[in-house]
Amino acid sequence: MFAYIIRRLVYGIVTLFALSLVVFVLIQFSGGSPLDRLRLNPRMQPVIAQLTEQWGLDRPWYEQYFVWLKNFITPIDVAPQEGLTIVMFGKLGIWSWVAVAAFLGAAAYTVGAFFATAKANWWRTFRAFSIIGVWVAAFWIIKSRIVFALNWGTSFRGDGPVWDNIFGAAGNTFRLGLTALAIALIIGIPLGIYQAIRQYSFFDQMGTMLSFITFSTPIFIIGVMLQLILAFYLERWTGVKIFYVVGMTGSGYEELGRGLFGLPSLAQLGDVIQHLTLPALSIAAISMAGYSRFQRASMLEVMHSDYLRTAKAKGLPRRSIIVKHALRNALIPIVTLVSLDIAFMIGGAIITESIFGWPGVGRLYIGAISAIDYPTIMAVVMAIGAGVVLMNIIADILYGVLDPRVRYD
Amino acid sequence: MTERGPVDEAVLDVAEGISAEPITQWDLFVTRLRRHRFAMIAVFYLAFIAFVALTAPLFTCAKNDTFCGNGPIEMSGVTTILMLVITAGGVYLAYTSFRSGLRGGGIALTLMTFVCALLLISSWGVIDLPHVNHYADQLPDESGRILVNIAPRASLPMGTDDLGRDVLSRVIHGGRASLAVGIVVGGLVALLGTVIGALAGYYPGVVDQSLMRFTDLVLGLPLLPVAIVVGRVLPELQFLPGFLKQGAWGIAVLLGLLVWGALARIVRAEFLSLREKEFVEAARAAGANDRRIIFRHILPNAMSPIIVQTTLIVGTAIIVEAALSFLGFGVRPPIPTWGGMAASGAAIAVRGFWWELVFSASALITTVLAINFIGDGLRDALDPTQTIERK
Amino acid sequence: MADPLLNVEDLRTYFSTEEGVVKAVDGVSFQVQAGERRGVVGESGCGKSVTAMSIMRLIEPPAGEIVTGKIEFDGRDLLQLPESEMQDVRGGEIAMIFQDPMTALNPVYTIGDQLMETILLHQDVSKSQAREIAINTLSDVQIPKAANVMEDYPHQFSGGMRQRVMIAMGLSCDPKLLIADEPTTALDVTTQAQIMNLMLELAEQRNTAVLLITHDLGVVAGFCDNIQVMYAGSIVERGTGDEIFHNPQHPYTWGLLGSMTRLDESQQERLNSVRGAPPSLINPPKGCRFGPRCDFATDICREALPILHQSQEGQKVACHRSDELDLKAMTVGVG
């Protein structure tokens with residue numbers, strides 16, 4: 001198990017390396033330059049020369065790549081926060097990865113060792129999960145006392161450090177993505193299960209048809225249609241603004257007043273929901289269609305399985321046949337699907353964020369692409385790539401926990 | 001629970017010599033596909049879309065009339081003549097093969113070959129003919145004003161856009177980009193995925209390991225972000241030949257190079273299990289070489305997942321191309337694409353001019369839907385273990 | 001004779017498909033006495049499994065439906081029972097063992113979980129008592145270290161061991177009838193006999209009647225008191241093992257016997273097989289269903305459907321010409 005995780009991590013790092021090389025080379029060969037816009041202004045000549053020097057744009061592409069790569073994995077000094085800071089990785093430079101690797105390795109070993117013996121019964125599985133919880137808690141406590149930032153460069157558009165930009169935007173993206181995921185899971189999975197139980201019923205056929213249509217619809221059409229119908233046209237007909245189509249909060253958000261303990265007040269919450277609903281729905285619609293289709297197929301396969309026939313022949317009531325025997329088996333495959341969806345959450349929101357003006361990673365990316373702001377482009381691509389690698393490994397581990405047949409070689 | 005499927009019935013008829021006609025695998029396939037009503041409708045719909053898009057230069061609007069015809073033909077004479085020749089040739093081939101008793105598979109193969117050729121030629125036309133972007137199609141009225149944002153009416157069934165271009169013409173031409181993407185991606189994926197998967201599955205050890213690591217790598221690339229980067233820099237890449245830089249072709253090749261990984265994995269799994277089967281052993285014992293075993297014995301048995309998976313990937317690719325064009329990193333305006341039209345249509349739909357958005361979006365959705373239905377129908381029809389669903 | 005344990009009368013189970021109605025079981029009647037071992041033989045698709053599924057009421061509507069018939073078990077008509085009472089019968093009074101032990105156990109629960117589930121369902125015992133019973137039953141089916149394997153998952157077992165677990169699961173609640181649907185078909189030849197012996201021995205100890213369904217005459221030969229042969233949805237011949245094996249009256253039975261390979265074959269006889277394939281169950285041929293494949297068919301066989309009647313030799317047979325034909329004389333290598 002431990003060896004398996006390590007091997008997967010190594011493959012993942014190689015993949016990320018290749019990904020960075022491909023994207024970097026592509027950007028370099030495009031012939032465009034982030035300074036193109038400045039060139040239009042003759043008075044900018046000295047600035048251009050200075051920036052070319054500073055960003056190393058005059059050097060050959062491979063030199064630029066290695067400089068970027070070295071910086072990309074090197075921690076930098078950041079100002080300590082409120083006196084709590086006890087570890088500053090910046091001082092260690094690139095060697096701080098040894099410390100990080102030691103921590104993560106120990107965590108992975110513990111988790112792996114527990115999962116390896118966790119298959120016997122639910123109690124041991126639960127214990128294994130609680131161990132993960134301990135590690136997460138430990139990480140959380142340490143997190144507030146360490147300062148860690150990588151030298152991801154400065155945005156060519158003058159937006160400041162890329163590291164801060166990405167992590168600021170990632171929070172917004174996750175607010176959108178997790179809401180969408182929750183909606184999709186809560187509706188999509190029960191829908192698929194119900195369809196499978198009532199196979200060939202009118203409801204099933206309608207559901208299949210609807211999810212087929214949704215699945216075949218590009219997300220930008222769903223987003224634009226939701227905007228038009230539920231925001232613009234609805235407002236025109238009713239005269240009431242129910243949903244907003246741009247941004248995360250209204251301009252007067254802070255004036256709405258804070259609630260208890262500094263939490264958002266009800267008015268603020270309402271404002272957030274008004275902004276969040278449409279973009280979340282448009283992402284959720286596609287995932288929902290995918291989940292319900294997948295869940296229906298997986299449930300049907302289980303419903304026609306021999307062991308379900310055995311369960312019936314034992315005299316189990318229909319409810320416990322479905323709940324105990326069918327669901328447990330039918331939910332296993334969807335774990336993989338959902339894990340990968342979380343990984344692609346950042347990437348998948350690119351279109352939605354640009355339609356709804358959501359200040360997340362996707363919009364950062366589109367802006368960076370237009371300006372050939374390669375530090376930002378590279379950082380976003382790498383963040384998404386790392387997410388995919390990590391979630392793939394997590395999906396595999398979870399699969400092994402849920403399905404006793406899986407063995408890691 | 002059915003003790004005997006209807007298909008077995010046909011087989012048994014043959015076995016007992018009851019049926020006079022031999023039942024081929026192809027006939028079974030067609031029988032099953034016919035049963036999938038949506039897939040059949042989808043086949044006809046897609047054929048219709050393809051036909052309209054292919055023959056677009058013949059009857060879409062230009063200059064002053066809604067149906068003028070002569071203008072575009074003049075300008076795209078070579079393409080049109082080529083298309084007509086190939087169509088005639090394809091029909092003739094299909095006819096002769098039908099006459100000479102070449103059944104089912106032969107006819108299908110011929111038809112598919114010439115449809116593919118047609119599509120390739122016609123998608124070339126998107127790049128070949130810069131005027132197809134229909135700036136020339138603006139419709140000045142008597143006083144010479146350009147009529148922008150005209151609602152659908154009898155003479156302009158889909159209205160005009162904010163630049164006064166005929167939406168119907170652009171929807172028809174826009175289909176060419178989507179179809180080009182579909183054909184190129186389908187071809188590339190089927191080729192790359194099959195070859196790489198087959199080699200990896202047939203030669204275990206170093207070949208398998210290295211190819212599969214490479215496949216994992218490609219699968220690990222996040223599709224949309226990478227596609228956006230490539231779409232952004234594509235027109236500026238100096239070393240590319242002109243036709244790849246703009247229009248749908250470059251995007252299509254790019255998508256094809258990015259999405260073959262899943263198919264390669266599936267093909268590899270098929271090969272891994274098939275190469276251990278008795279009939280392969282028998283062929284090997286009979287002295288067949290690797291090439292013969294791969295092409296004659298294993299590949300035909302692995303065709304079903306290849307076909308189904310390729311169909312589904314084609315649907316995805318069309319959506320991704322549309323998304324890229326929507327974002328402005330795909331086919332560049334003024335070349336019409338459904339994704340690009342949806343983007344400009346969305347901008348004016350806010351002011352109440354809904355038609356460009358609605359018609360381009362409907363064309364896109366129905367086309368992808370049709371492809372997915374066909375994929376679904378093919379899966380049902382090609383999977384011999386699956387019993388036919390009751391409707 | 002006492003009231004039979006199981007009395008099936010004119011059972012008809014049909015499946016509707018796009019092509020038409022498949023008459024999988026078409027008018028089957030038989031009785032099983034308490035403690036009896038009965039074999040049901042026929043080639044695949046003859047309706048023997050569907051008969052068993054019908055008795056358990058495991059036919060899933062809307063695809064399949066028990067159209068008419070009566071299934072009396074222990075004095076009650078199972079077809080009239082409400083679903084809740086039927087659940088008590090399944091597993092409790094009638095247990096069933098399936099063909100493929102590799103897939104018949106739920107992969108995500110332990111052997112112990114699945115065994116105890118049945119016991120807790122049908123017996124009024126505590127969890128620890130149920131565990132006790134489960135371990136005892138596992139030892140009964142000769143699984144070594146029964147207490148340890150309770151925590152194991154099905155995938156850790158071989159096919160033969162899984163089938164033992166299935167038998168343990170079937171017998172754990174002392175059912176009155178055990179339906180075994182091709183219980184050994186998926187197993188090695190060496191394991192087959194062990195499993196068969198074990199199952200029948202345990203059934204005898206518990207005075208459980210066994211309905212053994214198989215396509216293999218060799219399997220039923222040594223084990224069953226009575227044998228019924230099914231063909232195309234109905235019973236064509238029924239009698240004791242001796243009668244069926246030594247004096248078959250129906251040409252189909254005769255053909256089946258001829259197609260058996262025998263170790264004690266002295267002459268180098270050609271294997272006698274039944275030619276052709278079973279008829280369509282959607283539009284069965286007019287007259288005798290075996291007619292098109294029968295070497296002895298005459299005009300009457302093509303016109304009228306023969307009914308099951310008492311033959312001169314003692315067993316029941318559904319053949320127009322059973323009394324004229326002397327199949328025994330033609331039998332090669334059997335007898």
# chains A, B, ... in the order shown; residues from 1 in each chain; ligands from 1
call {"tool": "residues_around", "arguments": {"residues": "Val317 in chain C", "least_positions_apart": "6", "cutoff": "12 Å", "atoms": "only C-alpha atoms", "output": "ChimeraX atom specification"}}
result
/C:227-231,234-239,243-244,247-253,306-311,323
call {"tool": "write_last_selection", "arguments": {"atoms": "C-alpha atoms", "output": "PDB file, in the first residue's frame"}}
result
ATOM      1  CA  ILE C 227     -36.279 -37.990 -11.799  1.00  0.00           C
ATOM      2  CA  GLN C 228     -38.305 -35.830 -14.119  1.00  0.00           C
ATOM      3  CA  VAL C 229     -37.105 -34.875 -17.570  1.00  0.00           C
ATOM      4  CA  MET C 230     -38.117 -31.501 -18.947  1.00  0.00           C
ATOM      5  CA  TYR C 231     -38.152 -30.397 -22.533  1.00  0.00           C
ATOM      6  CA  SER C 234     -42.911 -29.092 -19.938  1.00  0.00           C
ATOM      7  CA  ILE C 235     -42.223 -32.447 -18.330  1.00  0.00           C
ATOM      8  CA  VAL C 236     -41.817 -35.233 -20.870  1.00  0.00           C
ATOM      9  CA  GLU C 237     -41.040 -38.138 -18.603  1.00  0.00           C
ATOM     10  CA  ARG C 238     -41.111 -38.859 -14.913  1.00  0.00           C
ATOM     11  CA  GLY C 239     -40.187 -41.909 -12.935  1.00  0.00           C
ATOM     12  CA  GLU C 243     -37.068 -46.588 -14.663  1.00  0.00           C
ATOM     13  CA  ILE C 244     -35.533 -43.590 -16.323  1.00  0.00           C
ATOM     14  CA  ASN C 247     -36.122 -48.228 -19.464  1.00  0.00           C
ATOM     15  CA  PRO C 248     -36.596 -44.770 -20.937  1.00  0.00           C
ATOM     16  CA  GLN C 249     -39.957 -44.373 -22.625  1.00  0.00           C
ATOM     17  CA  HIS C 250     -39.536 -40.977 -24.231  1.00  0.00           C
ATOM     18  CA  PRO C 251     -37.257 -40.619 -27.258  1.00  0.00           C
ATOM     19  CA  TYR C 252     -35.768 -37.476 -25.738  1.00  0.00           C
ATOM     20  CA  THR C 253     -34.753 -39.225 -22.539  1.00  0.00           C
ATOM     21  CA  PRO C 306     -48.966 -35.437 -26.209  1.00  0.00           C
ATOM     22  CA  ILE C 307     -49.937 -35.267 -22.560  1.00  0.00           C
ATOM     23  CA  LEU C 308     -48.175 -36.860 -19.618  1.00  0.00           C
ATOM     24  CA  HIS C 309     -49.751 -40.267 -19.027  1.00  0.00           C
ATOM     25  CA  GLN C 310     -49.007 -43.499 -17.246  1.00  0.00           C
ATOM     26  CA  SER C 311     -46.996 -45.777 -19.513  1.00  0.00           C
ATOM     27  CA  ASP C 323     -46.199 -47.884 -26.052  1.00  0.00           C
TER      28      ASP C 323
END
call {"tool": "closest_atom_pairs", "arguments": {"of": "chain C", "to": "chain B", "cutoff": "9 Å", "atoms": "only C-alpha atoms", "output": "Markdown table"}}
result
| residue | atom | partner | partner_atom | distance |
| --- | --- | --- | --- | --- |
| C:Phe15 | CA | B:Thr2 | CA | 6.6 |
| C:Ser16 | CA | B:Thr2 | CA | 8.5 |
| C:Thr17 | CA | B:Arg390 | CA | 6.5 |
| C:Glu18 | CA | B:Arg390 | CA | 6.2 |
| C:Glu19 | CA | B:Pro6 | CA | 6.5 |
| C:Val22 | CA | B:Thr2 | CA | 7.6 |
| C:Ala24 | CA | B:Glu3 | CA | 6.8 |
| C:Ser44 | CA | B:Glu3 | CA | 8.2 |
| C:Gly45 | CA | B:Glu3 | CA | 5.2 |
| C:Cys46 | CA | B:Glu3 | CA | 8.1 |
| C:Gly47 | CA | B:Glu3 | CA | 7.7 |
| C:Val50 | CA | B:Met1 | CA | 8.2 |
| C:Ile59 | CA | B:Met1 | CA | 8.2 |
| C:Glu60 | CA | B:Met1 | CA | 8.5 |
| C:Ala63 | CA | B:Met1 | CA | 8.1 |
| C:Gly64 | CA | B:Met1 | CA | 7.7 |
| C:Gly276 | CA | B:Glu16 | CA | 6.1 |
| C:Ala277 | CA | B:Leu12 | CA | 7.2 |
| C:Pro278 | CA | B:Leu12 | CA | 9.0 |
| C:Pro279 | CA | B:Glu9 | CA | 9.0 |
| C:Ser280 | CA | B:Glu9 | CA | 7.1 |
| C:Leu281 | CA | B:Arg4 | CA | 7.9 |
call {"tool": "write_last_selection", "arguments": {"atoms": "N, CA and C atoms", "output": "PDB file, in the first residue's frame"}}
result
ATOM      1  N   PHE C  15     -42.519 -15.110 -20.268  1.00  0.00           N
ATOM      2  CA  PHE C  15     -41.751 -13.870 -20.321  1.00  0.00           C
ATOM      3  C   PHE C  15     -42.162 -13.104 -21.565  1.00  0.00           C
ATOM      4  N   SER C  16     -42.416 -11.826 -21.394  1.00  0.00           N
ATOM      5  CA  SER C  16     -42.751 -11.067 -22.596  1.00  0.00           C
ATOM      6  C   SER C  16     -41.497 -10.361 -23.103  1.00  0.00           C
ATOM      7  N   THR C  17     -41.188 -10.561 -24.362  1.00  0.00           N
ATOM      8  CA  THR C  17     -40.073  -9.878 -24.992  1.00  0.00           C
ATOM      9  C   THR C  17     -40.614  -9.135 -26.198  1.00  0.00           C
ATOM     10  N   GLU C  18     -39.733  -8.423 -26.856  1.00  0.00           N
ATOM     11  CA  GLU C  18     -40.170  -7.685 -28.040  1.00  0.00           C
ATOM     12  C   GLU C  18     -40.678  -8.612 -29.128  1.00  0.00           C
ATOM     13  N   GLU C  19     -40.095  -9.814 -29.165  1.00  0.00           N
ATOM     14  CA  GLU C  19     -40.434 -10.748 -30.233  1.00  0.00           C
ATOM     15  C   GLU C  19     -41.759 -11.449 -29.980  1.00  0.00           C
ATOM     16  N   VAL C  22     -42.481 -15.521 -24.481  1.00  0.00           N
ATOM     17  CA  VAL C  22     -41.697 -16.750 -24.356  1.00  0.00           C
ATOM     18  C   VAL C  22     -42.334 -17.618 -23.275  1.00  0.00           C
ATOM     19  N   ALA C  24     -41.718 -20.013 -21.108  1.00  0.00           N
ATOM     20  CA  ALA C  24     -40.565 -20.714 -20.539  1.00  0.00           C
ATOM     21  C   ALA C  24     -40.994 -21.958 -19.776  1.00  0.00           C
ATOM     22  N   SER C  44     -30.189 -26.792 -21.405  1.00  0.00           N
ATOM     23  CA  SER C  44     -30.392 -25.395 -21.001  1.00  0.00           C
ATOM     24  C   SER C  44     -31.536 -24.768 -21.789  1.00  0.00           C
ATOM     25  N   GLY C  45     -32.313 -23.975 -21.109  1.00  0.00           N
ATOM     26  CA  GLY C  45     -33.437 -23.319 -21.769  1.00  0.00           C
ATOM     27  C   GLY C  45     -34.700 -24.139 -21.782  1.00  0.00           C
ATOM     28  N   CYS C  46     -34.734 -25.256 -21.034  1.00  0.00           N
ATOM     29  CA  CYS C  46     -35.935 -26.082 -21.081  1.00  0.00           C
ATOM     30  C   CYS C  46     -36.939 -25.660 -20.019  1.00  0.00           C
ATOM     31  N   GLY C  47     -36.563 -24.702 -19.175  1.00  0.00           N
ATOM     32  CA  GLY C  47     -37.510 -24.196 -18.202  1.00  0.00           C
ATOM     33  C   GLY C  47     -37.313 -24.738 -16.802  1.00  0.00           C
ATOM     34  N   VAL C  50     -36.401 -21.850 -14.442  1.00  0.00           N
ATOM     35  CA  VAL C  50     -37.547 -20.951 -14.279  1.00  0.00           C
ATOM     36  C   VAL C  50     -38.574 -21.593 -13.356  1.00  0.00           C
ATOM     37  N   ILE C  59     -39.433 -14.628  -9.886  1.00  0.00           N
ATOM     38  CA  ILE C  59     -39.596 -14.117 -11.237  1.00  0.00           C
ATOM     39  C   ILE C  59     -39.933 -12.632 -11.145  1.00  0.00           C
ATOM     40  N   GLU C  60     -39.165 -11.833 -11.883  1.00  0.00           N
ATOM     41  CA  GLU C  60     -39.335 -10.387 -11.769  1.00  0.00           C
ATOM     42  C   GLU C  60     -40.356  -9.863 -12.769  1.00  0.00           C
ATOM     43  N   ALA C  63     -41.024  -8.280 -16.734  1.00  0.00           N
ATOM     44  CA  ALA C  63     -40.520  -9.140 -17.810  1.00  0.00           C
ATOM     45  C   ALA C  63     -41.153 -10.525 -17.728  1.00  0.00           C
ATOM     46  N   GLY C  64     -41.109 -11.108 -16.529  1.00  0.00           N
ATOM     47  CA  GLY C  64     -41.630 -12.461 -16.384  1.00  0.00           C
ATOM     48  C   GLY C  64     -42.863 -12.485 -15.513  1.00  0.00           C
ATOM     49  N   GLY C 276     -30.117 -31.420 -33.816  1.00  0.00           N
ATOM     50  CA  GLY C 276     -30.844 -30.142 -33.830  1.00  0.00           C
ATOM     51  C   GLY C 276     -30.744 -29.408 -32.508  1.00  0.00           C
ATOM     52  N   ALA C 277     -31.590 -28.393 -32.375  1.00  0.00           N
ATOM     53  CA  ALA C 277     -31.590 -27.576 -31.165  1.00  0.00           C
ATOM     54  C   ALA C 277     -33.037 -27.400 -30.694  1.00  0.00           C
ATOM     55  N   PRO C 278     -33.219 -27.028 -29.425  1.00  0.00           N
ATOM     56  CA  PRO C 278     -34.580 -26.897 -28.899  1.00  0.00           C
ATOM     57  C   PRO C 278     -35.400 -25.902 -29.717  1.00  0.00           C
ATOM     58  N   PRO C 279     -36.711 -26.075 -29.732  1.00  0.00           N
ATOM     59  CA  PRO C 279     -37.551 -25.198 -30.544  1.00  0.00           C
ATOM     60  C   PRO C 279     -37.735 -23.838 -29.896  1.00  0.00           C
ATOM     61  N   SER C 280     -38.255 -22.920 -30.683  1.00  0.00           N
ATOM     62  CA  SER C 280     -38.593 -21.605 -30.164  1.00  0.00           C
ATOM     63  C   SER C 280     -39.670 -21.749 -29.106  1.00  0.00           C
ATOM     64  N   LEU C 281     -39.525 -21.015 -28.021  1.00  0.00           N
ATOM     65  CA  LEU C 281     -40.560 -21.076 -26.983  1.00  0.00           C
ATOM     66  C   LEU C 281     -41.601 -19.983 -27.210  1.00  0.00           C
TER      67      LEU C 281
END
call {"tool": "atom_distance", "arguments": {"atom1": "CA of Ala196 in chain A", "atom2": "CA of Ala343 in chain A"}}
result
27.6 Å
call {"tool": "interface_residues", "arguments": {"of": "chain A", "to": "chain C", "cutoff": "9 Å", "atoms": "only C-alpha atoms", "output": "ChimeraX atom specification"}}
result
/A:120-121,305-317,325,328-329,402-405
call {"tool": "closest_atom_pairs", "arguments": {"of": "chain A", "to": "chain B", "cutoff": "6 Å", "atoms": "only C-alpha atoms", "output": "tab-separated table"}}
result
residue	atom	partner	partner_atom	distance
A:Thr15	CA	B:Leu217	CA	5.2
A:Ser30	CA	B:Leu237	CA	4.9
A:Ser216	CA	B:Leu369	CA	5.2
A:Thr217	CA	B:Ile365	CA	5.3
A:Pro218	CA	B:Ile319	CA	5.7
call {"tool": "select_by_dssp", "arguments": {"residues": "range 264-341 of chain B", "states": "alpha helix (DSSP H)", "output": "number ranges by chain"}}
result
B: 264-274, 278-285, 290-292, 303-327, 338-341
call {"tool": "atom_distance", "arguments": {"atom1": "CA of Thr376 in chain A", "atom2": "CA of Leu254 in chain B"}}
result
22.5 Å
call {"tool": "select_by_dssp", "arguments": {"residues": "range 94-252 of chain C", "states": "strand (DSSP E or B)", "output": "list in words"}}
result
Ile94, Ala95, Met96, Ile97, Leu177, Leu178, Ile179, Ala180, Asp181, Ala209, Val210, Leu211, Leu212, Ile213, Thr214, Asn226, Ile227, Gln228, Val229, Met230, Tyr231, Ser234, Ile235, Val236, Glu237, Arg238, Gly239 and Thr240 of chain C
call {"tool": "residues_around", "arguments": {"residues": "Pro183 in chain C", "least_positions_apart": "4", "cutoff": "12 Å", "atoms": "only C-alpha atoms", "output": "PyMOL selection string"}}
result
chain C and resi 49+96-102+104+159-160+162-167+170+178-179+187-188+191-200+210-216+219-220
call {"tool": "residues_around", "arguments": {"residues": "Phe215 in chain A", "least_positions_apart": "6", "cutoff": "7 Å", "atoms": "only C-alpha atoms", "output": "MDAnalysis selection string"}}
result
chainID A and resid 286 289:290
call {"tool": "write_last_selection", "arguments": {"atoms": "all heavy atoms", "output": "compact mmCIF listing (two decimals), in the first residue's frame"}}
result
# COMPACT_ATOMS: atom_id res chain seq x y z
N ILE A 286 -24.70 19.61 -15.40
CA ILE A 286 -23.93 18.64 -16.18
C ILE A 286 -23.50 17.46 -15.31
O ILE A 286 -23.71 16.30 -15.66
CB ILE A 286 -22.68 19.31 -16.78
CG1 ILE A 286 -23.08 20.54 -17.56
CG2 ILE A 286 -21.89 18.30 -17.61
CD1 ILE A 286 -23.17 20.39 -19.02
N ALA A 289 -26.39 15.19 -14.44
CA ALA A 289 -26.75 14.28 -15.53
C ALA A 289 -25.76 13.11 -15.58
O ALA A 289 -26.16 11.95 -15.69
CB ALA A 289 -26.75 15.02 -16.86
N GLY A 290 -24.48 13.44 -15.44
CA GLY A 290 -23.47 12.39 -15.46
C GLY A 290 -23.64 11.41 -14.32
O GLY A 290 -23.65 10.20 -14.50
call {"tool": "decode", "arguments": {"residues": "range 279-290 of chain B", "atoms": "N, CA, C and O atoms", "output": "mmCIF file, in the first residue's frame"}}
result
data_model
loop_
_atom_site.group_PDB
_atom_site.id
_atom_site.type_symbol
_atom_site.label_atom_id
_atom_site.label_comp_id
_atom_site.auth_asym_id
_atom_site.auth_seq_id
_atom_site.Cartn_x
_atom_site.Cartn_y
_atom_site.Cartn_z
ATOM 1 N N PHE B 279 -8.587 -19.190 -29.645
ATOM 2 C CA PHE B 279 -8.489 -19.039 -31.087
ATOM 3 C C PHE B 279 -7.187 -18.359 -31.507
ATOM 4 O O PHE B 279 -6.684 -18.586 -32.596
ATOM 5 N N VAL B 280 -6.643 -17.541 -30.589
ATOM 6 C CA VAL B 280 -5.359 -16.919 -30.890
ATOM 7 C C VAL B 280 -4.252 -17.964 -30.776
ATOM 8 O O VAL B 280 -3.352 -18.051 -31.623
ATOM 9 N N GLU B 281 -4.363 -18.791 -29.749
ATOM 10 C CA GLU B 281 -3.408 -19.893 -29.596
ATOM 11 C C GLU B 281 -3.420 -20.758 -30.846
ATOM 12 O O GLU B 281 -2.372 -21.151 -31.374
ATOM 13 N N ALA B 282 -4.641 -21.052 -31.305
ATOM 14 C CA ALA B 282 -4.779 -21.908 -32.479
ATOM 15 C C ALA B 282 -4.105 -21.270 -33.683
ATOM 16 O O ALA B 282 -3.381 -21.933 -34.436
ATOM 17 N N ALA B 283 -4.332 -19.955 -33.849
ATOM 18 C CA ALA B 283 -3.727 -19.262 -34.986
ATOM 19 C C ALA B 283 -2.214 -19.309 -34.877
ATOM 20 O O ALA B 283 -1.505 -19.519 -35.866
ATOM 21 N N ARG B 284 -1.715 -19.138 -33.660
ATOM 22 C CA ARG B 284 -0.278 -19.129 -33.461
ATOM 23 C C ARG B 284 0.290 -20.514 -33.776
ATOM 24 O O ARG B 284 1.325 -20.649 -34.433
ATOM 25 N N ALA B 285 -0.454 -21.515 -33.316
ATOM 26 C CA ALA B 285 -0.005 -22.882 -33.566
ATOM 27 C C ALA B 285 0.010 -23.161 -35.060
ATOM 28 O O ALA B 285 0.833 -23.935 -35.554
ATOM 29 N N ALA B 286 -0.902 -22.515 -35.785
ATOM 30 C CA ALA B 286 -0.963 -22.734 -37.226
ATOM 31 C C ALA B 286 0.106 -21.935 -37.959
ATOM 32 O O ALA B 286 0.161 -21.953 -39.183
ATOM 33 N N GLY B 287 0.920 -21.221 -37.229
ATOM 34 C CA GLY B 287 2.051 -20.551 -37.857
ATOM 35 C C GLY B 287 1.799 -19.115 -38.274
ATOM 36 O O GLY B 287 2.588 -18.555 -39.041
ATOM 37 N N ALA B 288 0.700 -18.506 -37.796
ATOM 38 C CA ALA B 288 0.431 -17.116 -38.163
ATOM 39 C C ALA B 288 1.447 -16.209 -37.472
ATOM 40 O O ALA B 288 1.800 -16.437 -36.317
ATOM 41 N N ASN B 289 1.899 -15.177 -38.186
ATOM 42 C CA ASN B 289 2.836 -14.251 -37.546
ATOM 43 C C ASN B 289 2.073 -13.193 -36.754
ATOM 44 O O ASN B 289 0.845 -13.115 -36.811
ATOM 45 N N ASP B 290 2.812 -12.387 -36.019
ATOM 46 C CA ASP B 290 2.192 -11.416 -35.130
ATOM 47 C C ASP B 290 1.228 -10.486 -35.873
ATOM 48 O O ASP B 290 0.130 -10.210 -35.419
#
